[in-house]
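Reading through the structure tokens given below for one structure.
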Number of protein chains: 2
Amino acid sequence: MNIEQEITHRAASIEERIHPYMPTEPGLQQTVIDAMDYSVFAGGKRLRPMLMEASYRMFGGTEDTVEPFMAAIEMIHTYSLVHDDLPAMDNDEYRRGKKTTHAKYGEAMAILAGDALLNRAYETVAQAMLAHPEDSRLMRAFAILAEKAGIYGMVGGQTVDVESEKKGQEIGREKLDFIYRLKTGALLEASLVIGAVLAGASEEEAGRMEQAGTKLGLAFQIKDDILDVTSTMEVLGKPIGSDTRNEKSTYVTFEGLEQAQKDVKALSEEAVSILDGVSGEHDFLRELFLYLIGREK
Amino acid sequence: MNIEQEITHRAASIEERIHPYMPTEPGLQQTVIDAMDYSVFAGGKRLRPMLMEASYRMFGGTEDTVEPFMAAIEMIHTYSLVHDDLPAMDNDEYRRGKKTTHAKYGEAMAILAGDALLNRAYETVAQAMLAHPEDSRLMRAFAILAEKAGIYGMVGGQTVDVESEKKGQEIGREKLDFIYRLKTGALLEASLVIGAVLAGASEEEAGRMEQAGTKLGLAFQIKDDILDVTSTMEVLGKPIGSDTRNEKSTYVTFEGLEQAQKDVKALSEEAVSILDGVSGEHDFLRELFLYLIGREK
């Protein structure tokens with residue numbers, strides 16, 4: 001398997017299948033409909049829906065009930081980026097080489113587009129449930145999604161991240177772990193668990209997928225910190241050393257480069273070993289894990 | 001019935017019953033938990049949960065399954081106010097005599113608190129569904145809530161409202177109707193319909209409650225426009241004539257004061273007559289409708 005090709009191929013397929021869940025009916029509120037569309041289709045690896053679908057297939061899922069949830073988690077991920085980029089938050093004008101939503105549509109429309117995407121995620125889930133009222137797995141998946149996206153999940157992590165940056169203070173190790181676990185980790189966990197639950201995995205299996213997601217999320221972010229120190233601007237496509245310049249505490253600051261590299265390796269092995277311990281074909285998922293942790297950008 | 005006393009009494013009871021659905025577990029994300037709490041409990045008439053509960057009782061509902069939905073719609077209403085007040089939107093420093101969320105907690109925390117409230121609404125609904133997995137009425141109520149709060153509901157109305165204000169342009173009658181129907185109307189409709197659906201009302205009955213909500217919402221907002229012209233600052237508690245100063249097109253601008261007053265009366269009578277045409281005890285609901293439309297502030 002050429003994993004890069006496979007990822008590109010799957011991402012394209014996911015984009016195509018997510019699109020119908022976006023609002024398509026035109027109306028006087030067209031600006032925000034356009035801004036939602038722009039935000040979701042401005043690129044991105046489609047990592048969360050990709051993980052969700054792979055987990056769903058791993059546990060023998062064959063239906064398309066996973067699709068609305070793939071769309072929903074990508075909408076939630078996107079809304080979080082749109083709001084994160086706002087002037088009052090990270091104040092980013094560009095993301096992946098394209099103008100951020102507020103840079104293109106203005107701040108008010110970006111706030112509303114983010115709100116509309118978050119709400120649309122649940123509207124999508126609600127429609128899926130109405131179409132399969134007898135399938136209680138959708139209900140569990142909904143509850144997991146809402147919890148992981150919420151104040152004790154992703155938004156909780158964003159809060160501490162924003163506060164830490166604003167105060168320009170030394171961030172303690174406890175806060176760093178909290179941010180890493182929730183800001184990115186929570187939705188990665190949700191992706192793997194929801195895929196498993198929708199395919200009928202047991203509570204125990206779903207729990208293991210959650211653990212794998214935790215390790216993956218942590219490894220992914222430590223890798224980010226490492227790349228900020230070791231990569232080159234050419235490879236990374238963005239300025240390196242930005243953490244150092246911003247005096248930002250990272251995993252590397254706390255543990256040193258060498259230990260950080262060891263920890264990524266260990267976390268990666270743990271994540272894969274959890275996967276290997278669960279029955280179900282997961283060649284792609286294993287490769288995807290290793291790719292995400294081994295990437296050079 | 002002294003309707004003002006009854007409303008005050010019910011609002012207090014609703015606040016007490018909504019509270020347990022808010023996040024209570026402390027954590028490093030405490031600022032946003034506090035900001036959510038501040039936003040929801042900074043006052044307010046609790047109109048939407050009050051309408052929902054009254055509609056639920058009207059159709060014979062006796063359980064407490066309506067409570068999580070009452071909490072959810074109040075969270076959604078509140079998040080929309082928090083985001084509406086932001087500097088990039090209406091830029092309001094005070095609401096109901098208290099500092100707005102961003103004025104108290106900063107802009108970033110207000111954005112996150114709004115996001116967290118919207119998400120919490122659905123988390124609350126998800127938990128209610130897990131507690132009553134056999135009750136398909138909750139599923140329908142969830143779908144109605146998500147639709148009415150979304151891009152073809154409330155957020156759609158907010159979009160056109162914000163755009164009209166920003167451009168300082170003459171707003172056409174079509175846009176005014178669109179804003180009135182969706183920005184406030186959609187959640188009032190949702191309140192009445194969800195109450196009915198949760199109590200087991202028929203599709204036809206739910207449809208009538210939706211119509212009543214549409215009329216009520218429109219009358220409520222035309223009344224707002226009228227009060228901006230006819231009331232005094234002492235009574236209204238906020239500057240009058242602000243629409244005129246801001247050269248804002250309102251229903252009164254289009255139809256004139258006299259016609260607007262006639263239309264409020266007609267809409268009010270229609271709303272009440274729809275109510276009267278549906279079987280079920282609805283003395284309080286009728287009084288509440290008349291009070292909301294007849295209010296002098």
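Starting from 1 in every chain, residues are counted up; chains themselves are A, B, ... following the order of the structure tokens, and ligands are numbered from 1 as listed.
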
Using 6 Å as the limit and counting only C-alpha atoms, can you tabulate each residue of chain A that touches chain B, with its shortest atom-to-atom distance in Å and the two atoms involved, as JSON lines?
{"residue": "A:Gln29", "atom": "CA", "partner": "B:Gly156", "partner_atom": "CA", "distance": 5.2}
{"residue": "A:Ala88", "atom": "CA", "partner": "B:Ala108", "partner_atom": "CA", "distance": 5.3}
{"residue": "A:Met89", "atom": "CA", "partner": "B:Ala108", "partner_atom": "CA", "distance": 5.5}
{"residue": "A:Glu107", "atom": "CA", "partner": "B:Ala88", "partner_atom": "CA", "distance": 6.0}
{"residue": "A:Ala108", "atom": "CA", "partner": "B:Ala88", "partner_atom": "CA", "distance": 5.3}
{"residue": "A:Ala116", "atom": "CA", "partner": "B:Ile151", "partner_atom": "CA", "distance": 5.7}
{"residue": "A:Asn119", "atom": "CA", "partner": "B:Gly150", "partner_atom": "CA", "distance": 5.8}
{"residue": "A:Glu123", "atom": "CA", "partner": "B:Ala146", "partner_atom": "CA", "distance": 4.9}
{"residue": "A:Ala126", "atom": "CA", "partner": "B:Ala143", "partner_atom": "CA", "distance": 5.0}
{"residue": "A:Ala143", "atom": "CA", "partner": "B:Ala126", "partner_atom": "CA", "distance": 5.0}
{"residue": "A:Ala146", "atom": "CA", "partner": "B:Glu123", "partner_atom": "CA", "distance": 4.9}
{"residue": "A:Gly150", "atom": "CA", "partner": "B:Asn119", "partner_atom": "CA", "distance": 5.8}
{"residue": "A:Ile151", "atom": "CA", "partner": "B:Ala116", "partner_atom": "CA", "distance": 5.7}
{"residue": "A:Gly156", "atom": "CA", "partner": "B:Gln29", "partner_atom": "CA", "distance": 5.2}
{"residue": "A:Thr159", "atom": "CA", "partner": "B:Gln29", "partner_atom": "CA", "distance": 5.7}
{"residue": "A:Val160", "atom": "CA", "partner": "B:Gln29", "partner_atom": "CA", "distance": 5.7}

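Inside region 78-261 of chain B, the residues DSSP reads as strand (DSSP E) when given the backbone are Tyr94, Arg95, Lys98 and Lys99 of chain B.
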
When you look at Ile222 (chain A) with a cut-off of 10 Å (counting only C-alpha atoms), what residues show up, excluding the ones that are within fewer than 5 positions of it in the same chain? I need them as a PDB file with N, CA and C atoms, in the first residue's frame.
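Output file around_15.pdb is given in full below:
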ATOM      1  N   TYR A 180      -3.518  19.169  25.015  1.00  0.00           N
ATOM      2  CA  TYR A 180      -3.230  18.139  24.014  1.00  0.00           C
ATOM      3  C   TYR A 180      -4.309  17.059  24.012  1.00  0.00           C
ATOM      4  N   GLY A 217      -3.533  10.969  19.296  1.00  0.00           N
ATOM      5  CA  GLY A 217      -3.644  12.424  19.401  1.00  0.00           C
ATOM      6  C   GLY A 217      -2.424  13.046  20.063  1.00  0.00           C
ATOM      7  N   LEU A 227       8.570  18.937  14.945  1.00  0.00           N
ATOM      8  CA  LEU A 227       8.770  19.471  13.600  1.00  0.00           C
ATOM      9  C   LEU A 227       9.032  20.977  13.644  1.00  0.00           C
ATOM     10  N   ASP A 228       8.416  21.656  14.610  1.00  0.00           N
ATOM     11  CA  ASP A 228       8.622  23.104  14.711  1.00  0.00           C
ATOM     12  C   ASP A 228      10.088  23.427  15.002  1.00  0.00           C
ATOM     13  N   THR A 250       6.194  23.976  24.962  1.00  0.00           N
ATOM     14  CA  THR A 250       5.715  22.806  24.226  1.00  0.00           C
ATOM     15  C   THR A 250       6.246  21.554  24.921  1.00  0.00           C
ATOM     16  N   TYR A 251       5.866  20.428  24.383  1.00  0.00           N
ATOM     17  CA  TYR A 251       6.355  19.168  24.931  1.00  0.00           C
ATOM     18  C   TYR A 251       7.877  19.126  24.881  1.00  0.00           C
ATOM     19  N   VAL A 252       8.430  19.701  23.797  1.00  0.00           N
ATOM     20  CA  VAL A 252       9.891  19.713  23.627  1.00  0.00           C
ATOM     21  C   VAL A 252      10.556  20.578  24.704  1.00  0.00           C
ATOM     22  N   LEU A 257      14.324  17.567  23.198  1.00  0.00           N
ATOM     23  CA  LEU A 257      14.045  16.997  21.873  1.00  0.00           C
ATOM     24  C   LEU A 257      14.183  15.476  21.860  1.00  0.00           C
ATOM     25  N   ALA A 260      11.372  13.749  23.679  1.00  0.00           N
ATOM     26  CA  ALA A 260      10.136  13.911  22.915  1.00  0.00           C
ATOM     27  C   ALA A 260      10.089  12.904  21.772  1.00  0.00           C
ATOM     28  N   GLN A 261      11.235  12.750  21.095  1.00  0.00           N
ATOM     29  CA  GLN A 261      11.266  11.787  19.983  1.00  0.00           C
ATOM     30  C   GLN A 261      11.048  10.359  20.468  1.00  0.00           C
ATOM     31  N   ASP A 263       9.347   9.556  23.101  1.00  0.00           N
ATOM     32  CA  ASP A 263       7.956   9.425  23.547  1.00  0.00           C
ATOM     33  C   ASP A 263       7.001   9.257  22.369  1.00  0.00           C
ATOM     34  N   VAL A 264       7.270   9.980  21.286  1.00  0.00           N
ATOM     35  CA  VAL A 264       6.428   9.809  20.091  1.00  0.00           C
ATOM     36  C   VAL A 264       6.501   8.359  19.625  1.00  0.00           C
ATOM     37  N   LEU A 267       4.554   6.165  22.111  1.00  0.00           N
ATOM     38  CA  LEU A 267       3.100   6.361  21.999  1.00  0.00           C
ATOM     39  C   LEU A 267       2.579   5.725  20.712  1.00  0.00           C
ATOM     40  N   ILE A 293       2.164   9.825  12.520  1.00  0.00           N
ATOM     41  CA  ILE A 293       3.163  10.047  13.556  1.00  0.00           C
ATOM     42  C   ILE A 293       4.559  10.179  12.944  1.00  0.00           C
TER      43      ILE A 293
END

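The coordinates place CA of Leu216 (chain A) at 18.5 Å from CA of Glu255 (chain A).
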
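Note that CA of Ser231 (chain B) and CA of Glu4 (chain B) are 19.3 Å apart.
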
If you run DSSP over the backbone, which residues in region 72-121 of chain A end up helix (DSSP H, G or I)? Put them as a VMD selection string. chain A and resid 72 to 84 101 to 105 107 to 121

Between A:Met209, A:Ala103, A:Ile18, A:Ala11, which one has atoms that come closest to Met58 (chain A), using only C-alpha atoms?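 Distance minimum relative to Met58 (chain A) lands on A:Met209.
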